[in-house]
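Listing of query_20.cif; format and content: mmCIF, C-alpha atoms and all ligand atoms.
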data_data
#
loop_
_atom_site.label_atom_id
_atom_site.label_comp_id
_atom_site.auth_asym_id
_atom_site.auth_seq_id
_atom_site.Cartn_x
_atom_site.Cartn_y
_atom_site.Cartn_z
CA MET A 268 77.55 -102.78 -30.57
CA SER A 269 79.37 -105.98 -29.63
CA LYS A 270 81.71 -106.88 -32.47
CA LEU A 271 84.60 -106.87 -29.98
CA LYS A 272 82.83 -108.44 -26.98
CA ASN A 273 85.32 -110.44 -24.87
CA LYS A 274 88.19 -109.21 -27.05
CA VAL A 275 91.33 -107.76 -25.46
CA ALA A 276 92.95 -104.82 -27.24
CA VAL A 277 96.14 -102.81 -26.78
CA ILE A 278 96.27 -99.38 -28.38
CA THR A 279 99.62 -97.58 -28.18
CA GLY A 280 99.26 -93.81 -28.00
CA GLY A 281 95.67 -94.39 -26.91
CA ASN A 282 95.77 -91.40 -24.56
CA SER A 283 95.12 -88.82 -27.30
CA GLY A 284 94.18 -88.09 -30.90
CA ILE A 285 93.52 -90.96 -33.29
CA GLY A 286 94.52 -93.58 -30.70
CA PHE A 287 91.98 -92.32 -28.20
CA GLY A 288 89.32 -92.29 -30.94
CA ILE A 289 90.14 -95.93 -31.70
CA ALA A 290 89.93 -96.80 -27.99
CA GLU A 291 86.49 -95.17 -27.75
CA ALA A 292 85.26 -97.05 -30.81
CA PHE A 293 86.64 -100.34 -29.44
CA LYS A 294 85.01 -99.70 -26.06
CA ASN A 295 81.69 -99.07 -27.80
CA GLU A 296 82.04 -102.47 -29.47
CA GLY A 297 82.63 -104.20 -26.13
CA ALA A 298 86.44 -104.55 -26.02
CA SER A 299 88.56 -104.23 -22.90
CA GLY A 300 92.31 -103.81 -22.60
CA THR A 301 95.08 -101.24 -22.41
CA ILE A 302 95.83 -97.81 -23.73
CA THR A 303 99.38 -96.49 -23.50
CA GLY A 304 101.30 -93.24 -23.69
CA ARG A 305 104.15 -91.55 -21.85
CA ASN A 306 102.14 -88.72 -20.32
CA GLU A 307 100.52 -90.14 -17.19
CA VAL A 308 98.15 -87.18 -16.77
CA THR A 309 96.59 -87.55 -20.22
CA LEU A 310 96.70 -91.32 -19.80
CA ASN A 311 94.70 -91.19 -16.56
CA ASN A 312 92.27 -88.68 -18.06
CA ALA A 313 91.74 -90.89 -21.10
CA VAL A 314 91.11 -93.97 -18.94
CA ALA A 315 88.60 -91.97 -16.87
CA ALA A 316 86.87 -90.70 -20.02
CA LEU A 317 86.53 -94.22 -21.40
CA LYS A 318 84.57 -95.23 -18.24
CA SER A 319 85.08 -98.89 -19.01
CA ASP A 320 87.30 -101.89 -18.55
CA PHE A 321 90.35 -100.20 -20.06
CA ILE A 322 93.53 -99.60 -18.07
CA GLY A 323 96.38 -97.20 -18.78
CA ILE A 324 100.01 -98.34 -18.76
CA ALA A 325 102.64 -95.64 -19.15
CA GLY A 326 105.55 -96.36 -21.44
CA ASP A 327 107.79 -95.12 -24.21
CA VAL A 328 107.44 -97.24 -27.35
CA THR A 329 111.06 -96.56 -28.30
CA LYS A 330 112.16 -98.41 -25.13
CA SER A 331 112.23 -102.17 -25.20
CA ASP A 332 111.68 -102.64 -21.44
CA ASP A 333 108.62 -100.37 -21.52
CA LEU A 334 107.11 -102.43 -24.35
CA GLU A 335 107.71 -105.66 -22.44
CA ASN A 336 106.06 -104.15 -19.35
CA ILE A 337 102.98 -103.04 -21.35
CA PHE A 338 102.31 -106.48 -22.80
CA LYS A 339 103.13 -108.44 -19.65
CA LYS A 340 100.88 -106.31 -17.44
CA THR A 341 98.05 -106.42 -19.99
CA SER A 342 98.30 -110.17 -20.22
CA ASP A 343 98.47 -110.58 -16.43
CA LYS A 344 95.20 -108.65 -16.10
CA PHE A 345 93.20 -109.66 -19.17
CA GLY A 346 94.84 -112.79 -20.61
CA LYS A 347 96.05 -113.02 -24.18
CA ILE A 348 95.62 -110.10 -26.58
CA ASP A 349 93.31 -110.21 -29.63
CA VAL A 350 93.90 -106.80 -31.24
CA LEU A 351 97.07 -104.70 -31.26
CA VAL A 352 96.90 -101.17 -32.66
CA VAL A 353 100.38 -99.77 -33.26
CA ASN A 354 99.41 -96.13 -33.28
CA ALA A 355 102.01 -94.20 -31.22
CA GLY A 356 104.05 -92.05 -33.57
CA GLY A 357 103.97 -88.82 -35.51
CA VAL A 358 105.93 -85.70 -34.66
CA VAL A 359 108.97 -86.24 -32.42
CA ASP A 360 108.91 -84.11 -29.24
CA GLY A 361 110.78 -80.83 -29.73
CA LEU A 362 111.71 -81.68 -33.31
CA PRO A 363 109.25 -80.39 -35.91
CA MET A 364 109.34 -82.06 -39.33
CA ALA A 365 111.62 -80.16 -41.70
CA ASP A 366 113.23 -80.30 -45.12
CA ILE A 367 116.56 -82.02 -45.76
CA GLU A 368 118.56 -78.82 -45.21
CA ASN A 369 117.28 -78.64 -41.66
CA ILE A 370 117.34 -82.21 -40.36
CA THR A 371 120.43 -83.54 -38.61
CA GLU A 372 121.51 -87.16 -38.47
CA GLU A 373 120.20 -87.31 -34.91
CA GLY A 374 116.85 -85.95 -36.10
CA TYR A 375 116.71 -88.59 -38.83
CA ASP A 376 117.34 -91.34 -36.25
CA ARG A 377 114.70 -90.02 -33.86
CA TYR A 378 112.02 -89.89 -36.60
CA MET A 379 112.88 -93.38 -37.79
CA ASP A 380 113.00 -94.71 -34.22
CA LEU A 381 109.55 -93.40 -33.39
CA ASN A 382 107.79 -94.03 -36.69
CA LEU A 383 109.39 -97.25 -37.93
CA LYS A 384 111.66 -99.06 -35.47
CA SER A 385 109.22 -98.75 -32.56
CA SER A 386 106.42 -100.25 -34.68
CA TYR A 387 108.54 -103.29 -35.52
CA PHE A 388 109.54 -103.85 -31.90
CA THR A 389 106.04 -103.20 -30.59
CA VAL A 390 104.90 -106.13 -32.73
CA LYS A 391 107.90 -108.26 -31.78
CA LYS A 392 107.45 -107.68 -28.05
CA ALA A 393 103.70 -108.34 -28.31
CA LEU A 394 104.02 -111.68 -30.11
CA PRO A 395 104.32 -113.96 -27.05
CA TYR A 396 101.21 -112.33 -25.59
CA LEU A 397 99.00 -112.42 -28.72
CA ASN A 398 96.37 -115.04 -29.35
CA ASP A 399 96.72 -117.05 -32.54
CA GLY A 400 94.30 -115.46 -35.01
CA ALA A 401 94.92 -111.99 -33.53
CA SER A 402 94.73 -108.81 -35.58
CA ILE A 403 97.55 -106.25 -35.73
CA ILE A 404 96.81 -102.82 -37.15
CA LEU A 405 99.73 -100.53 -37.96
CA ILE A 406 98.90 -96.85 -38.29
CA GLY A 407 100.51 -95.46 -41.43
CA SER A 408 99.75 -92.17 -43.15
CA SER A 409 98.61 -90.74 -46.45
CA ALA A 410 102.12 -89.21 -46.42
CA ALA A 411 103.35 -92.68 -47.40
CA HIS A 412 101.44 -92.35 -50.67
CA ARG A 413 101.64 -88.62 -51.43
CA ALA A 414 104.64 -86.32 -50.94
CA ALA A 415 104.34 -83.23 -48.78
CA PRO A 416 106.94 -80.49 -48.19
CA GLY A 417 109.35 -81.11 -45.32
CA MET A 418 108.03 -84.59 -44.61
CA ALA A 419 110.46 -86.84 -46.48
CA ILE A 420 111.71 -88.84 -43.49
CA TYR A 421 108.29 -89.27 -41.88
CA SER A 422 106.84 -90.26 -45.28
CA ALA A 423 109.61 -92.79 -45.84
CA ALA A 424 109.06 -94.30 -42.38
CA LYS A 425 105.31 -94.58 -43.00
CA ALA A 426 105.89 -96.09 -46.46
CA ALA A 427 108.09 -98.69 -44.80
CA ILE A 428 105.22 -99.46 -42.42
CA ILE A 429 103.21 -100.69 -45.40
CA SER A 430 106.03 -103.04 -46.41
CA LEU A 431 106.36 -104.14 -42.81
CA ALA A 432 102.69 -105.13 -42.70
CA LYS A 433 103.07 -107.20 -45.87
CA GLY A 434 106.21 -108.97 -44.65
CA LEU A 435 104.91 -109.59 -41.14
CA SER A 436 101.65 -110.95 -42.58
CA LEU A 437 103.66 -113.66 -44.30
CA ASP A 438 105.86 -114.35 -41.27
CA LEU A 439 102.83 -114.67 -38.99
CA LEU A 440 100.72 -116.78 -41.33
CA PRO A 441 101.40 -119.97 -39.34
CA ARG A 442 99.72 -118.32 -36.34
CA LYS A 443 96.91 -116.89 -38.49
CA ILE A 444 97.77 -113.40 -37.22
CA ARG A 445 96.62 -110.71 -39.66
CA VAL A 446 98.64 -107.52 -40.12
CA ASN A 447 97.10 -104.50 -41.85
CA THR A 448 98.01 -100.84 -42.25
CA LEU A 449 95.56 -97.95 -41.93
CA SER A 450 96.66 -94.72 -43.61
CA PRO A 451 94.84 -91.72 -42.08
CA ASP A 452 94.93 -88.54 -44.15
CA LEU A 453 97.26 -85.70 -43.15
N1 LIG B 501 96.74 -86.57 -37.15
C1 LIG B 501 97.03 -86.78 -38.42
O1 LIG B 501 96.76 -85.93 -39.26
C2 LIG B 501 97.66 -88.07 -38.86
C3 LIG B 501 97.67 -88.39 -40.22
C4 LIG B 501 98.23 -89.57 -40.64
C5 LIG B 501 98.79 -90.44 -39.72
N2 LIG B 501 98.80 -90.11 -38.41
C6 LIG B 501 99.41 -91.09 -37.48
O2 LIG B 501 98.44 -91.43 -36.51
C7 LIG B 501 99.09 -91.77 -35.28
C8 LIG B 501 98.48 -90.96 -34.16
O3 LIG B 501 98.71 -89.59 -34.41
P1 LIG B 501 97.81 -88.41 -33.81
O4 LIG B 501 97.61 -87.43 -34.87
O5 LIG B 501 96.64 -88.96 -33.09
O6 LIG B 501 98.87 -87.73 -32.85
P2 LIG B 501 98.87 -87.37 -31.33
O7 LIG B 501 97.55 -86.87 -30.86
O8 LIG B 501 100.08 -86.50 -31.14
O9 LIG B 501 99.12 -88.78 -30.68
C9 LIG B 501 100.34 -89.39 -30.69
C10 LIG B 501 100.27 -90.43 -29.59
O10 LIG B 501 101.47 -91.17 -29.57
C11 LIG B 501 102.00 -91.12 -28.26
N3 LIG B 501 103.45 -91.12 -28.36
C12 LIG B 501 104.24 -90.27 -29.05
N4 LIG B 501 105.53 -90.59 -28.88
C13 LIG B 501 105.55 -91.68 -28.07
C14 LIG B 501 106.57 -92.48 -27.52
N5 LIG B 501 107.87 -92.26 -27.76
N6 LIG B 501 106.22 -93.52 -26.74
C15 LIG B 501 104.92 -93.77 -26.46
N7 LIG B 501 103.91 -93.06 -26.95
C16 LIG B 501 104.23 -92.01 -27.74
C17 LIG B 501 101.46 -89.86 -27.61
O11 LIG B 501 101.34 -89.99 -26.20
P3 LIG B 501 102.44 -89.39 -25.17
O12 LIG B 501 102.84 -88.06 -25.68
O13 LIG B 501 101.73 -89.40 -23.87
O14 LIG B 501 103.56 -90.38 -25.19
C18 LIG B 501 100.07 -89.81 -28.24
O15 LIG B 501 99.16 -90.59 -27.53
C19 LIG B 501 100.57 -91.53 -35.51
O16 LIG B 501 101.21 -92.76 -35.85
C20 LIG B 501 100.61 -90.57 -36.69
O17 LIG B 501 101.81 -90.66 -37.42
C21 LIG B 501 98.26 -88.96 -37.95
#
Just give me the structure as structure tokens.
Amino acid sequence: MSKLKNKVAVITGGNSGIGFGIAEAFKNEGASGTITGRNEVTLNNAVAALKSDFIGIAGDVTKSDDLENIFKKTSDKFGKIDVLVVNAGGVVDGLPMADIENITEEGYDRYMDLNLKSSYFTVKKALPYLNDGASIILIGSSAAHRAAPGMAIYSAAKAAIISLAKGLSLDLLPRKIRVNTLSPDL
């Protein structure tokens, strides 16, 4: 029950779903740190439910200033970060996944921004605040490996996440920072 004792974690999208489950598991292993999300109500509820040394910092992962704020505030409170879980993503608000006939260029950009670009910049913004030897976990999807109707853009973004993890692993070797992808099933 103490694999993560004294470890500081940041879990984006930790206020619901898979991210909240990860936060609970980390708490049970002794970690402290930050969960994030845009919805302050669910964020506060999630922090209260964790009943531990986790704080909530509101922010949109597609906004550079919000990412900077998340990592700076976490570091101010807890010191350097040991584990970063890049989990925020999935369905874009108000824009259900759809087949190629029904996705506009703007829809394409919004899916890529949330599911690929934000992951890259979450890692980039976190770098100054990560300990050497830290672990970064990118949340991918089984959709990266297996096609599903109406999910081409999301699948492509999640497939790129796997490449991102491989490339970033090499780039971050000098700091001994590991980068892995987890692919939950649909
Ligand atoms: N559930 C599945 O079946 C499944 C399968 C494979 C992969 N995944 C992946 O697992 C991850 C978590 O998904 P989930 O199913 O747990 O979904 P979820 O319950 O909808 O959680 C998504 C989380 O991301 C946050 N989020 C969304 N857009 C954001 C933004 N622009 N800025 C900041 N936070 C944002 C949401 O919080 P706010 O709304 O408060 O911002 C929420 O906490 C995603 O990357 C998803 O692609 C899910």
Pick out the residues sitting within 8 Å of segment 419-427 of chain A, and hand them over as a list in words; count all atoms listed in the file, and ignore anything fewer than 5 positions along from it in its own chain. Gly357, Met364, Asp366, Ile367, Tyr375, Tyr378, Met379, Asn382, Leu383, Gly407, Ser408, Ala410, Ala411, His412 and Ala414 of chain A
Just write the chosen residues, C-alpha atoms, as a PDB file, in the coordinates of the input.
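Generated output (part03.pdb):
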ATOM      1  CA  GLY A 357     103.970 -88.820 -35.510  1.00  0.00           C
ATOM      2  CA  MET A 364     109.340 -82.060 -39.330  1.00  0.00           C
ATOM      3  CA  ASP A 366     113.230 -80.300 -45.120  1.00  0.00           C
ATOM      4  CA  ILE A 367     116.560 -82.020 -45.760  1.00  0.00           C
ATOM      5  CA  TYR A 375     116.710 -88.590 -38.830  1.00  0.00           C
ATOM      6  CA  TYR A 378     112.020 -89.890 -36.600  1.00  0.00           C
ATOM      7  CA  MET A 379     112.880 -93.380 -37.790  1.00  0.00           C
ATOM      8  CA  ASN A 382     107.790 -94.030 -36.690  1.00  0.00           C
ATOM      9  CA  LEU A 383     109.390 -97.250 -37.930  1.00  0.00           C
ATOM     10  CA  GLY A 407     100.510 -95.460 -41.430  1.00  0.00           C
ATOM     11  CA  SER A 408      99.750 -92.170 -43.150  1.00  0.00           C
ATOM     12  CA  ALA A 410     102.120 -89.210 -46.420  1.00  0.00           C
ATOM     13  CA  ALA A 411     103.350 -92.680 -47.400  1.00  0.00           C
ATOM     14  CA  HIS A 412     101.440 -92.350 -50.670  1.00  0.00           C
ATOM     15  CA  ALA A 414     104.640 -86.320 -50.940  1.00  0.00           C
TER      16      ALA A 414
END
Select, counting all atoms listed in the file, all protein, DNA and RNA residues no farther than 12 Å from (116.0, -86.8, -32.4) in file coordinates, and express the selection as a PDB file with C-alpha atoms, in the coordinates of the input.
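Written output follows (result-v4.pdb):
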ATOM      1  CA  THR A 329     111.060 -96.560 -28.300  1.00  0.00           C
ATOM      2  CA  VAL A 358     105.930 -85.700 -34.660  1.00  0.00           C
ATOM      3  CA  VAL A 359     108.970 -86.240 -32.420  1.00  0.00           C
ATOM      4  CA  ASP A 360     108.910 -84.110 -29.240  1.00  0.00           C
ATOM      5  CA  GLY A 361     110.780 -80.830 -29.730  1.00  0.00           C
ATOM      6  CA  LEU A 362     111.710 -81.680 -33.310  1.00  0.00           C
ATOM      7  CA  PRO A 363     109.250 -80.390 -35.910  1.00  0.00           C
ATOM      8  CA  MET A 364     109.340 -82.060 -39.330  1.00  0.00           C
ATOM      9  CA  ILE A 370     117.340 -82.210 -40.360  1.00  0.00           C
ATOM     10  CA  THR A 371     120.430 -83.540 -38.610  1.00  0.00           C
ATOM     11  CA  GLU A 372     121.510 -87.160 -38.470  1.00  0.00           C
ATOM     12  CA  GLU A 373     120.200 -87.310 -34.910  1.00  0.00           C
ATOM     13  CA  GLY A 374     116.850 -85.950 -36.100  1.00  0.00           C
ATOM     14  CA  TYR A 375     116.710 -88.590 -38.830  1.00  0.00           C
ATOM     15  CA  ASP A 376     117.340 -91.340 -36.250  1.00  0.00           C
ATOM     16  CA  ARG A 377     114.700 -90.020 -33.860  1.00  0.00           C
ATOM     17  CA  TYR A 378     112.020 -89.890 -36.600  1.00  0.00           C
ATOM     18  CA  MET A 379     112.880 -93.380 -37.790  1.00  0.00           C
ATOM     19  CA  ASP A 380     113.000 -94.710 -34.220  1.00  0.00           C
ATOM     20  CA  LEU A 381     109.550 -93.400 -33.390  1.00  0.00           C
ATOM     21  CA  ASN A 382     107.790 -94.030 -36.690  1.00  0.00           C
TER      22      ASN A 382
END
At most 9 Å from ligand LIG 501 (chain B) (all atoms listed in the file): residue list as number ranges by chain: A: 279-288, 302-310, 325-330, 333, 353-360, 380-382, 385, 405-410, 421, 425, 449-453
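Distances from A:Glu368, A:Ala313, A:Ser299, A:Ala393 to Lys339 of chain A were compared using all atoms listed in the file, and the smallest one belongs to A:Ala393.
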Kindly give the distance, in Å, that separates atom CA of Val446 of chain A and atom CA of Ile324 of chain A, rounded to a single decimal. 23.3 Å
One number please: atom CA of Thr389 of chain A to atom CA of Leu437 of chain A, in Å, one decimal. 17.4 Å
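Using only C-alpha atoms, the shortest contact distance between Arg442 of chain A and any of A:Gly400, A:Phe293, A:Ile428, A:Phe321 is found at A:Gly400.
Take atom CA of Lys344 of chain A and atom CA of Ile322 of chain A: the distance between them is 9.4 Å.
Around Asn447 of chain A, within 10 Å and counting only C-alpha atoms, the residues found are Val352, Ser402, Ile403, Ile404, Leu405, Ile406, Gly407, Ile428, Ile429, Leu431, Ala432, Lys433, Leu435 and Ser436 of chain A, once anything fewer than 6 positions away on its own chain is removed.
Using only C-alpha atoms, the shortest contact distance between Ala316 of chain A and any of A:Thr301, A:Gly346, A:Ala290, A:Lys384 is found at A:Ala290.
Closest to Met418 of chain A among A:Asn369, A:Thr341, A:Asn398, A:Asn295 is A:Asn369, based on all atoms listed in the file.
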Centre, x/y/z edge lengths, axis-aligned box for segment 441-449 of chain A with 8 Å per side, as AutoDock Vina command-line options:
--center_x 98.5 --center_y -109.0 --center_z -39.3 --size_x 21.8 --size_y 38.0 --size_z 21.9
Nearest to Leu397 of chain A by atom-to-atom distance, counting all atoms listed in the file, from A:Lys274, A:Asp438, A:Asp320, A:Lys294: A:Lys274
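Closest approach to Lys340 of chain A among A:Gly297, A:Lys391, A:Asn311, A:Tyr396: A:Tyr396, based on only C-alpha atoms.
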Around (96.3, -110.0, -28.3), as given in the file, which residues come within 6 Å? Count all atoms listed in the file and list them as a PyMOL selection string. chain A and resi 347-350+397-398+401
